[in-house]
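Here the structure comes first, spelled out in structure tokens, and everything after it is commentary.
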Amino acid sequence: MNILSRRVIKVKPSATLAVTAKANELKAQGIQIVPMGSGEPDFDTPKNIQEAAINAIKGGQTRYTAVDGTPELKNAIINKFKQDNDLSYTATEVMVSSGGKQVFYNLCQAVLDTGDEVIIPSPYWVSYPDMVILANATPVIVKTGLEQDFKITPEQLETNITDKTKLFVINSPSNPTGAVYSKAELQALATVLKKHPQVLIITDDIYEHVRWGNDDFVNIIMADNSLKDRSIILNGVSKAYAMTGWRIGYSAGPEIIIKAMKKIQGQSTSNPCSIAQAAALEALKGDQSIINTMVVAFEERHQFIVNALNAIDGIECPKSQGAFYSFPRVEGLIKRLGLKDDIELSTYCLEKLNIALVPGSAFGASGYIRFSFATSIDNIKLAVEKLSKV
């Protein structure tokens with residue numbers, strides 16, 4: 001007799017969390033690990049946000065809140081969408097969750113059924129396909145590559161839409177590639193989607209503020225507002241404010257969908273942490289200078305790592321436009337070292353060079369490796385030095 005459900009057997013453990021766990025295990029043995037795998041800023045949460053959390057504790061904000069978040073935080077989210085994105089939402093069209101991951105999970109449980117298909121461009125964030133599987137739906141992976149800047153084309157989108165397609169996922173800036181869709185590229189995708197009104201859209205904007213270059217941020221709803229009535233925005237405070245451990249994400253979308261997501265959350269985790277919500281309120285309303293400080297550092301690290309990796313035989317590293325990742329093609333290095341694939345390469349890097357990296361296969365792109373530069377420039381230089389000696 002099989003104790004476990006067929007559903008959970010189909011799901012893979014998170015590769016990024018697995019790499020972090022293995023690196024921590026080696027650290028506990030006294031081995032110095034160069035951390036290039038973690039997807040979180042190496043900055044501390046700003047003092048004003050920390051103090052807001054302390055004041056919330058002292059002020060007795062330690063009880064249950066509404067399932068979908070405190071009214072104050074929801075109002076700050078509504079103001080954020082209006083101010084930053086020129087998008088209008090009401091209180092019944094936004095909700096707060098325990099991280100951006102729960103937003104996506106809630107959505108899948110709320111709108112997907114057996115037989116539904118979800119179009120996910122590859123490379124993708126590791127959890128998208130598995131959360132679709134947990135909703136008994138089918139992920140349809142559309143491969144992109146370095147030659148097309150890791151972005152799905154309108155032709156690819158059109159080809160993969162069927163009468164079973166229920167949801168299209170887009171993430172810009174992207175984890176793991178750092179690719180950013182332009183307004184024109186989003187409008188071209190919107191033209192395809194408008195021909196298929198049954199397809200819902202989720203735009204993962206978690207790296208909205210972690211960008212460089214002169215272009216303003218734009219998501220697919222901002223590019224074509226006619227899609228707003230069937231689109232859901234995923235965002236949060238983790239990346240922009242160095243608040244990964246606080247676990248606050250938020251969403252906005254049609255009331256009927258947000259209400260269903262609230263129902264799912266109410267029967268699973270219930271409300272997000274009350275203290276973390278108070279901290280997130282300060283993050284959205286308070287001093288925003290931390291964002292620029294981090295982005296300047298990330299851009300400098302990005303320039304260094306791209307140049308340094310491209311100087312290594314067997315590595316081809318494109319420039320990115322946001323997030324804090326580089327996603328180089330490493331097939332030449334794999335061949336030169338006599339290894340089988342990117343999974344063996346990441347294992348080699350961890351066990352032989354003590355560098356923690358995540359294989360591209362975890363993101364649906366074999367032959368690549370994700371380098372996170374959300375770590376100090378000293379760590380980045382050390383990692384590159386170790387790789388160069390190989």
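If you're wondering about the labels, chains in the structure tokens are A, B, ... by order shown, residues count from 1 in each chain, ligands from 1 in order shown.
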Handout entry: All strand (DSSP E) residues (DSSP, backbone) inside segment 96-159 of chain A, as JSON, numbers by chain
Key = {"A": [96, 97, 117, 118, 119, 120, 121, 122, 138, 139, 140, 141, 142, 143]}
Selection export as a PDB file, in the first residue's frame, atoms kept: N, CA, C and O atoms:
ATOM      1  N   VAL A  96      -3.379  39.969   1.159  1.00  0.00           N
ATOM      2  CA  VAL A  96      -2.030  39.747   1.662  1.00  0.00           C
ATOM      3  C   VAL A  96      -1.874  38.273   2.001  1.00  0.00           C
ATOM      4  O   VAL A  96      -2.792  37.647   2.531  1.00  0.00           O
ATOM      5  N   SER A  97      -0.700  37.721   1.685  1.00  0.00           N
ATOM      6  CA  SER A  97      -0.439  36.299   1.931  1.00  0.00           C
ATOM      7  C   SER A  97       0.923  36.114   2.589  1.00  0.00           C
ATOM      8  O   SER A  97       1.697  37.070   2.714  1.00  0.00           O
ATOM      9  N   GLU A 117      -4.699  23.439 -18.468  1.00  0.00           N
ATOM     10  CA  GLU A 117      -3.297  23.612 -18.824  1.00  0.00           C
ATOM     11  C   GLU A 117      -2.831  25.013 -18.448  1.00  0.00           C
ATOM     12  O   GLU A 117      -3.587  25.984 -18.547  1.00  0.00           O
ATOM     13  N   VAL A 118      -1.571  25.089 -18.015  1.00  0.00           N
ATOM     14  CA  VAL A 118      -0.960  26.362 -17.618  1.00  0.00           C
ATOM     15  C   VAL A 118       0.318  26.552 -18.426  1.00  0.00           C
ATOM     16  O   VAL A 118       1.233  25.729 -18.356  1.00  0.00           O
ATOM     17  N   ILE A 119       0.387  27.625 -19.200  1.00  0.00           N
ATOM     18  CA  ILE A 119       1.568  27.906 -20.022  1.00  0.00           C
ATOM     19  C   ILE A 119       2.618  28.611 -19.173  1.00  0.00           C
ATOM     20  O   ILE A 119       2.365  29.680 -18.608  1.00  0.00           O
ATOM     21  N   ILE A 120       3.800  27.991 -19.093  1.00  0.00           N
ATOM     22  CA  ILE A 120       4.899  28.515 -18.281  1.00  0.00           C
ATOM     23  C   ILE A 120       6.144  28.601 -19.154  1.00  0.00           C
ATOM     24  O   ILE A 120       6.687  27.570 -19.566  1.00  0.00           O
ATOM     25  N   PRO A 121       6.616  29.802 -19.476  1.00  0.00           N
ATOM     26  CA  PRO A 121       7.865  29.921 -20.236  1.00  0.00           C
ATOM     27  C   PRO A 121       9.045  29.409 -19.410  1.00  0.00           C
ATOM     28  O   PRO A 121       9.114  29.615 -18.191  1.00  0.00           O
ATOM     29  N   SER A 122       9.959  28.730 -20.087  1.00  0.00           N
ATOM     30  CA  SER A 122      11.180  28.234 -19.452  1.00  0.00           C
ATOM     31  C   SER A 122      12.366  29.018 -19.983  1.00  0.00           C
ATOM     32  O   SER A 122      12.415  29.294 -21.192  1.00  0.00           O
ATOM     33  N   THR A 138      -2.067  20.724 -15.544  1.00  0.00           N
ATOM     34  CA  THR A 138      -0.912  20.314 -16.336  1.00  0.00           C
ATOM     35  C   THR A 138      -0.067  21.516 -16.740  1.00  0.00           C
ATOM     36  O   THR A 138      -0.555  22.401 -17.453  1.00  0.00           O
ATOM     37  N   PRO A 139       1.207  21.568 -16.306  1.00  0.00           N
ATOM     38  CA  PRO A 139       2.084  22.641 -16.782  1.00  0.00           C
ATOM     39  C   PRO A 139       2.512  22.389 -18.223  1.00  0.00           C
ATOM     40  O   PRO A 139       2.908  21.276 -18.564  1.00  0.00           O
ATOM     41  N   VAL A 140       2.405  23.403 -19.053  1.00  0.00           N
ATOM     42  CA  VAL A 140       2.872  23.328 -20.442  1.00  0.00           C
ATOM     43  C   VAL A 140       4.105  24.214 -20.535  1.00  0.00           C
ATOM     44  O   VAL A 140       4.002  25.442 -20.499  1.00  0.00           O
ATOM     45  N   ILE A 141       5.267  23.589 -20.622  1.00  0.00           N
ATOM     46  CA  ILE A 141       6.535  24.315 -20.580  1.00  0.00           C
ATOM     47  C   ILE A 141       6.925  24.741 -21.995  1.00  0.00           C
ATOM     48  O   ILE A 141       7.026  23.907 -22.893  1.00  0.00           O
ATOM     49  N   VAL A 142       7.116  26.034 -22.180  1.00  0.00           N
ATOM     50  CA  VAL A 142       7.518  26.584 -23.477  1.00  0.00           C
ATOM     51  C   VAL A 142       8.967  27.043 -23.361  1.00  0.00           C
ATOM     52  O   VAL A 142       9.270  27.993 -22.642  1.00  0.00           O
ATOM     53  N   LYS A 143       9.850  26.359 -24.067  1.00  0.00           N
ATOM     54  CA  LYS A 143      11.280  26.634 -23.920  1.00  0.00           C
ATOM     55  C   LYS A 143      11.688  27.891 -24.672  1.00  0.00           C
ATOM     56  O   LYS A 143      11.340  28.075 -25.834  1.00  0.00           O
TER      57      LYS A 143
END
Practice task
Per DSSP on the backbone, filter segment 65-129 of chain A down to the residues in helix (DSSP H, G or I) and report them as a PyMOL selection string.
Solution key: chain A and resi 71-85+91-93+100-111+127-129
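Closest approach to Val111 of chain A from the set A:Ile258, A:Val94, A:Ile221, A:Ala18 is made by A:Ile258, with distances taken over only C-alpha atoms.
Atom CA of Ser320 of chain A is positioned 25.0 Å from atom CA of Glu344 of chain A.
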List every residue of segment 86-191 of chain A that has an atom at most 12 Å from any atom of segment 30-52 of chain A, giving for each one its closest atom pair and the distance in Å to one decimal, counting only C-alpha atoms, sorted by chain and then by ascending residue number, as a Markdown table.
| residue | atom | partner | partner_atom | distance |
| --- | --- | --- | --- | --- |
| A:Trp125 | CA | A:Gly39 | CA | 10.8 |
| A:Val126 | CA | A:Gly39 | CA | 11.7 |
| A:Ser174 | CA | A:Gly39 | CA | 11.9 |
| A:Asn175 | CA | A:Gly39 | CA | 8.8 |
| A:Pro176 | CA | A:Gly39 | CA | 9.2 |
| A:Gly178 | CA | A:Gly39 | CA | 12.0 |
Take the residues from that selection and put them in a file with N, CA and C atoms, as a PDB file, in the first residue's frame.
ATOM      1  N   TRP A 125      10.740  30.110 -12.592  1.00  0.00           N
ATOM      2  CA  TRP A 125      10.954  29.946 -11.154  1.00  0.00           C
ATOM      3  C   TRP A 125      10.565  28.527 -10.772  1.00  0.00           C
ATOM      4  N   VAL A 126      11.385  27.896  -9.936  1.00  0.00           N
ATOM      5  CA  VAL A 126      11.289  26.449  -9.719  1.00  0.00           C
ATOM      6  C   VAL A 126       9.915  25.964  -9.259  1.00  0.00           C
ATOM      7  N   SER A 174      12.929  38.536 -14.460  1.00  0.00           N
ATOM      8  CA  SER A 174      12.800  37.089 -14.320  1.00  0.00           C
ATOM      9  C   SER A 174      13.767  36.486 -13.302  1.00  0.00           C
ATOM     10  N   ASN A 175      13.265  35.535 -12.564  1.00  0.00           N
ATOM     11  CA  ASN A 175      14.078  34.573 -11.837  1.00  0.00           C
ATOM     12  C   ASN A 175      13.941  33.257 -12.618  1.00  0.00           C
ATOM     13  N   PRO A 176      15.012  32.764 -13.263  1.00  0.00           N
ATOM     14  CA  PRO A 176      16.424  32.932 -12.895  1.00  0.00           C
ATOM     15  C   PRO A 176      17.267  33.794 -13.830  1.00  0.00           C
ATOM     16  N   GLY A 178      16.975  37.153 -15.084  1.00  0.00           N
ATOM     17  CA  GLY A 178      17.111  38.602 -15.035  1.00  0.00           C
ATOM     18  C   GLY A 178      16.577  39.296 -16.271  1.00  0.00           C
TER      19      GLY A 178
END
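Interatomic distance, atom CA of Gln156 of chain A to atom CA of Tyr128 of chain A: 18.7 Å.
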Completion exercise
From atom CA of Lys381 of chain A to atom CA of Glu300 of chain A the spacing works out at 12.5 Å
Give me, as a PDB file with N, CA and C atoms, in the first residue's frame, all polymer residues having an atom no more than 8 Å from segment 264-275 of chain A, counting only C-alpha atoms and skipping those fewer than 2 positions away in the same chain.
ATOM      1  N   ALA A  53       8.077  46.812  13.475  1.00  0.00           N
ATOM      2  CA  ALA A  53       7.704  45.489  13.986  1.00  0.00           C
ATOM      3  C   ALA A  53       7.792  45.443  15.509  1.00  0.00           C
ATOM      4  N   ALA A  56       4.936  47.242  16.961  1.00  0.00           N
ATOM      5  CA  ALA A  56       3.704  46.457  16.824  1.00  0.00           C
ATOM      6  C   ALA A  56       3.588  45.434  17.947  1.00  0.00           C
ATOM      7  N   ILE A  57       4.711  44.817  18.287  1.00  0.00           N
ATOM      8  CA  ILE A  57       4.708  43.851  19.394  1.00  0.00           C
ATOM      9  C   ILE A  57       4.371  44.561  20.707  1.00  0.00           C
ATOM     10  N   GLN A  61      -0.123  44.203  18.891  1.00  0.00           N
ATOM     11  CA  GLN A  61      -0.615  43.707  17.595  1.00  0.00           C
ATOM     12  C   GLN A  61      -0.169  42.252  17.386  1.00  0.00           C
ATOM     13  N   THR A  62      -0.574  41.402  18.295  1.00  0.00           N
ATOM     14  CA  THR A  62      -0.102  40.012  18.304  1.00  0.00           C
ATOM     15  C   THR A  62      -1.242  39.006  18.143  1.00  0.00           C
ATOM     16  N   ARG A  63      -2.381  39.500  17.670  1.00  0.00           N
ATOM     17  CA  ARG A  63      -3.540  38.626  17.541  1.00  0.00           C
ATOM     18  C   ARG A  63      -3.868  38.383  16.072  1.00  0.00           C
ATOM     19  N   TYR A  64      -4.852  37.529  15.832  1.00  0.00           N
ATOM     20  CA  TYR A  64      -5.301  37.285  14.467  1.00  0.00           C
ATOM     21  C   TYR A  64      -5.674  38.596  13.780  1.00  0.00           C
ATOM     22  N   THR A  65      -5.389  38.643  12.490  1.00  0.00           N
ATOM     23  CA  THR A  65      -5.915  39.747  11.679  1.00  0.00           C
ATOM     24  C   THR A  65      -6.947  39.156  10.724  1.00  0.00           C
ATOM     25  N   ALA A  66      -7.540  39.990   9.889  1.00  0.00           N
ATOM     26  CA  ALA A  66      -8.400  39.471   8.826  1.00  0.00           C
ATOM     27  C   ALA A  66      -7.578  38.509   7.963  1.00  0.00           C
ATOM     28  N   VAL A  67      -8.223  37.491   7.442  1.00  0.00           N
ATOM     29  CA  VAL A  67      -7.532  36.481   6.642  1.00  0.00           C
ATOM     30  C   VAL A  67      -6.733  37.105   5.507  1.00  0.00           C
ATOM     31  N   ASP A  68      -7.292  38.128   4.873  1.00  0.00           N
ATOM     32  CA  ASP A  68      -6.660  38.718   3.689  1.00  0.00           C
ATOM     33  C   ASP A  68      -5.794  39.931   4.011  1.00  0.00           C
ATOM     34  N   GLY A  69      -5.486  40.156   5.302  1.00  0.00           N
ATOM     35  CA  GLY A  69      -4.586  41.235   5.676  1.00  0.00           C
ATOM     36  C   GLY A  69      -5.285  42.362   6.412  1.00  0.00           C
ATOM     37  N   VAL A  96      -3.379  39.969   1.159  1.00  0.00           N
ATOM     38  CA  VAL A  96      -2.030  39.747   1.662  1.00  0.00           C
ATOM     39  C   VAL A  96      -1.874  38.273   2.001  1.00  0.00           C
ATOM     40  N   SER A  97      -0.700  37.721   1.685  1.00  0.00           N
ATOM     41  CA  SER A  97      -0.439  36.299   1.931  1.00  0.00           C
ATOM     42  C   SER A  97       0.923  36.114   2.589  1.00  0.00           C
ATOM     43  N   SER A  98       1.196  34.889   2.991  1.00  0.00           N
ATOM     44  CA  SER A  98       2.492  34.583   3.619  1.00  0.00           C
ATOM     45  C   SER A  98       3.547  34.351   2.542  1.00  0.00           C
ATOM     46  N   ASN A 106      -2.305  29.841  -3.840  1.00  0.00           N
ATOM     47  CA  ASN A 106      -3.730  30.157  -3.675  1.00  0.00           C
ATOM     48  C   ASN A 106      -4.431  30.258  -5.019  1.00  0.00           C
ATOM     49  N   GLN A 109      -4.951  26.815  -6.685  1.00  0.00           N
ATOM     50  CA  GLN A 109      -6.023  26.067  -6.024  1.00  0.00           C
ATOM     51  C   GLN A 109      -7.394  26.672  -6.305  1.00  0.00           C
ATOM     52  N   ALA A 110      -7.432  27.977  -6.527  1.00  0.00           N
ATOM     53  CA  ALA A 110      -8.707  28.669  -6.719  1.00  0.00           C
ATOM     54  C   ALA A 110      -9.267  28.540  -8.125  1.00  0.00           C
ATOM     55  N   ARG A 247       8.093  37.038   5.188  1.00  0.00           N
ATOM     56  CA  ARG A 247       7.046  36.285   4.500  1.00  0.00           C
ATOM     57  C   ARG A 247       5.761  37.089   4.273  1.00  0.00           C
ATOM     58  N   ILE A 248       5.892  38.185   3.538  1.00  0.00           N
ATOM     59  CA  ILE A 248       4.707  38.951   3.155  1.00  0.00           C
ATOM     60  C   ILE A 248       4.695  39.148   1.643  1.00  0.00           C
ATOM     61  N   ALA A 260     -11.968  33.924  -3.996  1.00  0.00           N
ATOM     62  CA  ALA A 260     -11.708  32.479  -3.977  1.00  0.00           C
ATOM     63  C   ALA A 260     -10.342  32.178  -3.363  1.00  0.00           C
ATOM     64  N   MET A 261      -9.345  32.995  -3.681  1.00  0.00           N
ATOM     65  CA  MET A 261      -8.014  32.820  -3.100  1.00  0.00           C
ATOM     66  C   MET A 261      -8.059  33.028  -1.585  1.00  0.00           C
ATOM     67  N   LYS A 262      -8.874  33.984  -1.154  1.00  0.00           N
ATOM     68  CA  LYS A 262      -9.045  34.232   0.285  1.00  0.00           C
ATOM     69  C   LYS A 262      -9.655  33.003   0.971  1.00  0.00           C
ATOM     70  N   GLN A 277       3.070  42.001   8.992  1.00  0.00           N
ATOM     71  CA  GLN A 277       2.203  42.936   8.260  1.00  0.00           C
ATOM     72  C   GLN A 277       2.470  44.378   8.687  1.00  0.00           C
ATOM     73  N   ALA A 278       2.693  44.601   9.976  1.00  0.00           N
ATOM     74  CA  ALA A 278       3.013  45.947  10.454  1.00  0.00           C
ATOM     75  C   ALA A 278       4.336  46.429   9.860  1.00  0.00           C
ATOM     76  N   ALA A 279       5.292  45.512   9.744  1.00  0.00           N
ATOM     77  CA  ALA A 279       6.580  45.849   9.136  1.00  0.00           C
ATOM     78  C   ALA A 279       6.414  46.168   7.649  1.00  0.00           C
TER      79      ALA A 279
END
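Of the residues listed (A:Asn379, A:His209, A:Gly367, A:Leu353), A:His209 shows the shortest atom-to-atom separation from Ser289 of chain A; distances use only C-alpha atoms.
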Practice task
Just the residues within 12 Å of Lys386 of chain A, please, counting only C-alpha atoms, with nothing from its chain fewer than 4 positions along; format it as a ChimeraX atom specification.
Solution key: /A:33-34,308-309,312,348-350,352-356,379-382,390
Selection to disk with N, CA and C atoms, as a compact mmCIF listing (two decimals), in the first residue's frame:
# COMPACT_ATOMS: atom_id res chain seq x y z
N ILE A 33 31.87 27.92 2.57
CA ILE A 33 31.10 27.83 1.32
C ILE A 33 30.89 29.23 0.75
N VAL A 34 31.13 29.37 -0.57
CA VAL A 34 30.86 30.65 -1.24
C VAL A 34 29.40 30.62 -1.69
N ALA A 308 33.53 38.73 -15.79
CA ALA A 308 34.42 37.70 -15.24
C ALA A 308 34.05 36.30 -15.76
N LEU A 309 32.78 35.99 -15.83
CA LEU A 309 32.36 34.67 -16.30
C LEU A 309 32.64 34.49 -17.78
N ILE A 312 35.98 33.10 -18.78
CA ILE A 312 36.29 31.70 -18.50
C ILE A 312 35.90 30.83 -19.69
N TYR A 348 29.70 19.30 -8.52
CA TYR A 348 31.15 19.45 -8.57
C TYR A 348 31.57 20.77 -7.92
N CYS A 349 30.87 21.85 -8.26
CA CYS A 349 31.19 23.16 -7.72
C CYS A 349 31.03 23.19 -6.20
N LEU A 350 29.99 22.52 -5.70
CA LEU A 350 29.74 22.53 -4.26
C LEU A 350 30.75 21.66 -3.52
N LYS A 352 33.71 20.15 -4.71
CA LYS A 352 35.13 20.30 -5.02
C LYS A 352 35.63 21.74 -4.85
N LEU A 353 34.76 22.71 -5.19
CA LEU A 353 35.17 24.11 -5.14
C LEU A 353 34.53 24.87 -3.99
N ASN A 354 33.56 24.23 -3.32
CA ASN A 354 32.83 24.86 -2.21
C ASN A 354 32.09 26.12 -2.64
N ILE A 355 31.49 26.08 -3.86
CA ILE A 355 30.66 27.16 -4.37
C ILE A 355 29.23 26.62 -4.49
N ALA A 356 28.28 27.30 -3.88
CA ALA A 356 26.88 26.89 -3.95
C ALA A 356 26.21 27.56 -5.14
N ASN A 379 32.66 37.68 -2.11
CA ASN A 379 32.24 36.30 -2.39
C ASN A 379 32.20 36.04 -3.89
N ILE A 380 31.72 37.02 -4.65
CA ILE A 380 31.64 36.86 -6.10
C ILE A 380 33.04 36.70 -6.69
N LYS A 381 33.98 37.53 -6.25
CA LYS A 381 35.36 37.44 -6.75
C LYS A 381 35.98 36.09 -6.39
N LEU A 382 35.71 35.62 -5.19
CA LEU A 382 36.25 34.33 -4.75
C LEU A 382 35.69 33.19 -5.60
N VAL A 390 39.85 26.19 -12.34
CA VAL A 390 39.40 24.92 -12.93
C VAL A 390 39.77 24.90 -14.41
Give me the residues within 7 Å of Ala76 of chain A as a PDB file with all heavy atoms, in the first residue's frame, counting only C-alpha atoms and dropping any in the same chain fewer than 5 places off.
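The resulting result09.pdb:
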ATOM      1  N   LEU A 281       3.772  47.326   6.201  1.00  0.00           N
ATOM      2  CA  LEU A 281       3.104  48.631   6.091  1.00  0.00           C
ATOM      3  C   LEU A 281       4.142  49.755   6.104  1.00  0.00           C
ATOM      4  O   LEU A 281       4.090  50.683   5.289  1.00  0.00           O
ATOM      5  CB  LEU A 281       2.112  48.798   7.245  1.00  0.00           C
ATOM      6  CG  LEU A 281       1.396  50.143   7.344  1.00  0.00           C
ATOM      7  CD1 LEU A 281       0.534  50.402   6.109  1.00  0.00           C
ATOM      8  CD2 LEU A 281       0.536  50.193   8.617  1.00  0.00           C
ATOM      9  N   LEU A 284       6.151  49.881   2.763  1.00  0.00           N
ATOM     10  CA  LEU A 284       5.466  50.517   1.638  1.00  0.00           C
ATOM     11  C   LEU A 284       5.279  52.016   1.834  1.00  0.00           C
ATOM     12  O   LEU A 284       5.290  52.784   0.866  1.00  0.00           O
ATOM     13  CB  LEU A 284       4.110  49.851   1.414  1.00  0.00           C
ATOM     14  CG  LEU A 284       4.143  48.395   0.914  1.00  0.00           C
ATOM     15  CD1 LEU A 284       2.732  47.842   0.797  1.00  0.00           C
ATOM     16  CD2 LEU A 284       4.869  48.286  -0.417  1.00  0.00           C
ATOM     17  N   LYS A 285       5.113  52.459   3.088  1.00  0.00           N
ATOM     18  CA  LYS A 285       4.807  53.870   3.344  1.00  0.00           C
ATOM     19  C   LYS A 285       6.034  54.693   3.737  1.00  0.00           C
ATOM     20  O   LYS A 285       6.028  55.914   3.619  1.00  0.00           O
ATOM     21  CB  LYS A 285       3.760  53.978   4.464  1.00  0.00           C
ATOM     22  CG  LYS A 285       2.398  53.410   4.089  1.00  0.00           C
ATOM     23  CD  LYS A 285       1.389  53.584   5.207  1.00  0.00           C
ATOM     24  CE  LYS A 285       1.039  55.038   5.445  1.00  0.00           C
ATOM     25  NZ  LYS A 285      -0.031  55.211   6.449  1.00  0.00           N
TER      26      LYS A 285
END
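With distances restricted to only C-alpha atoms, A:Ile290 is the closest residue to Val210 of chain A from A:Met222, A:Ile377, A:Ile290, A:Ala280.
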May I have a table of the residues of segment 214-323 of chain A lying at most 12 Å from segment 79-85 of chain A, giving each one's closest pair of atoms and their distance in Å to one decimal, counting only C-alpha atoms, ordered by chain and ascending residue number, as CSV?
residue,atom,partner,partner_atom,distance
A:Asp216,CA,A:Asn85,CA,10.0
A:Phe217,CA,A:Asn85,CA,8.2
A:Val218,CA,A:Asn85,CA,7.6
A:Asn219,CA,A:Asn85,CA,8.6
A:Ile220,CA,A:Asn85,CA,11.0
A:Ile221,CA,A:Asn85,CA,9.3
A:Met222,CA,A:Asn85,CA,6.9
A:Ala223,CA,A:Asn85,CA,10.4
A:Asn225,CA,A:Asn85,CA,11.1
A:Ile233,CA,A:Phe81,CA,9.9
A:Leu234,CA,A:Phe81,CA,11.5
A:Asn235,CA,A:Phe81,CA,10.3
A:Gly236,CA,A:Lys80,CA,11.2
A:Val237,CA,A:Lys80,CA,11.6
A:Tyr250,CA,A:Phe81,CA,11.2
A:Ser251,CA,A:Phe81,CA,10.4
A:Ala252,CA,A:Phe81,CA,8.9
A:Gly253,CA,A:Phe81,CA,11.4
A:Leu281,CA,A:Lys80,CA,10.8
A:Ala283,CA,A:Lys80,CA,11.0
A:Leu284,CA,A:Lys80,CA,7.2
A:Lys285,CA,A:Lys80,CA,8.7
A:Gly286,CA,A:Lys80,CA,11.8
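Closest approach to Ile334 of chain A among A:Gln321, A:Ile54, A:Ile315, A:Met95 is made by A:Ile315 (distances from only C-alpha atoms).
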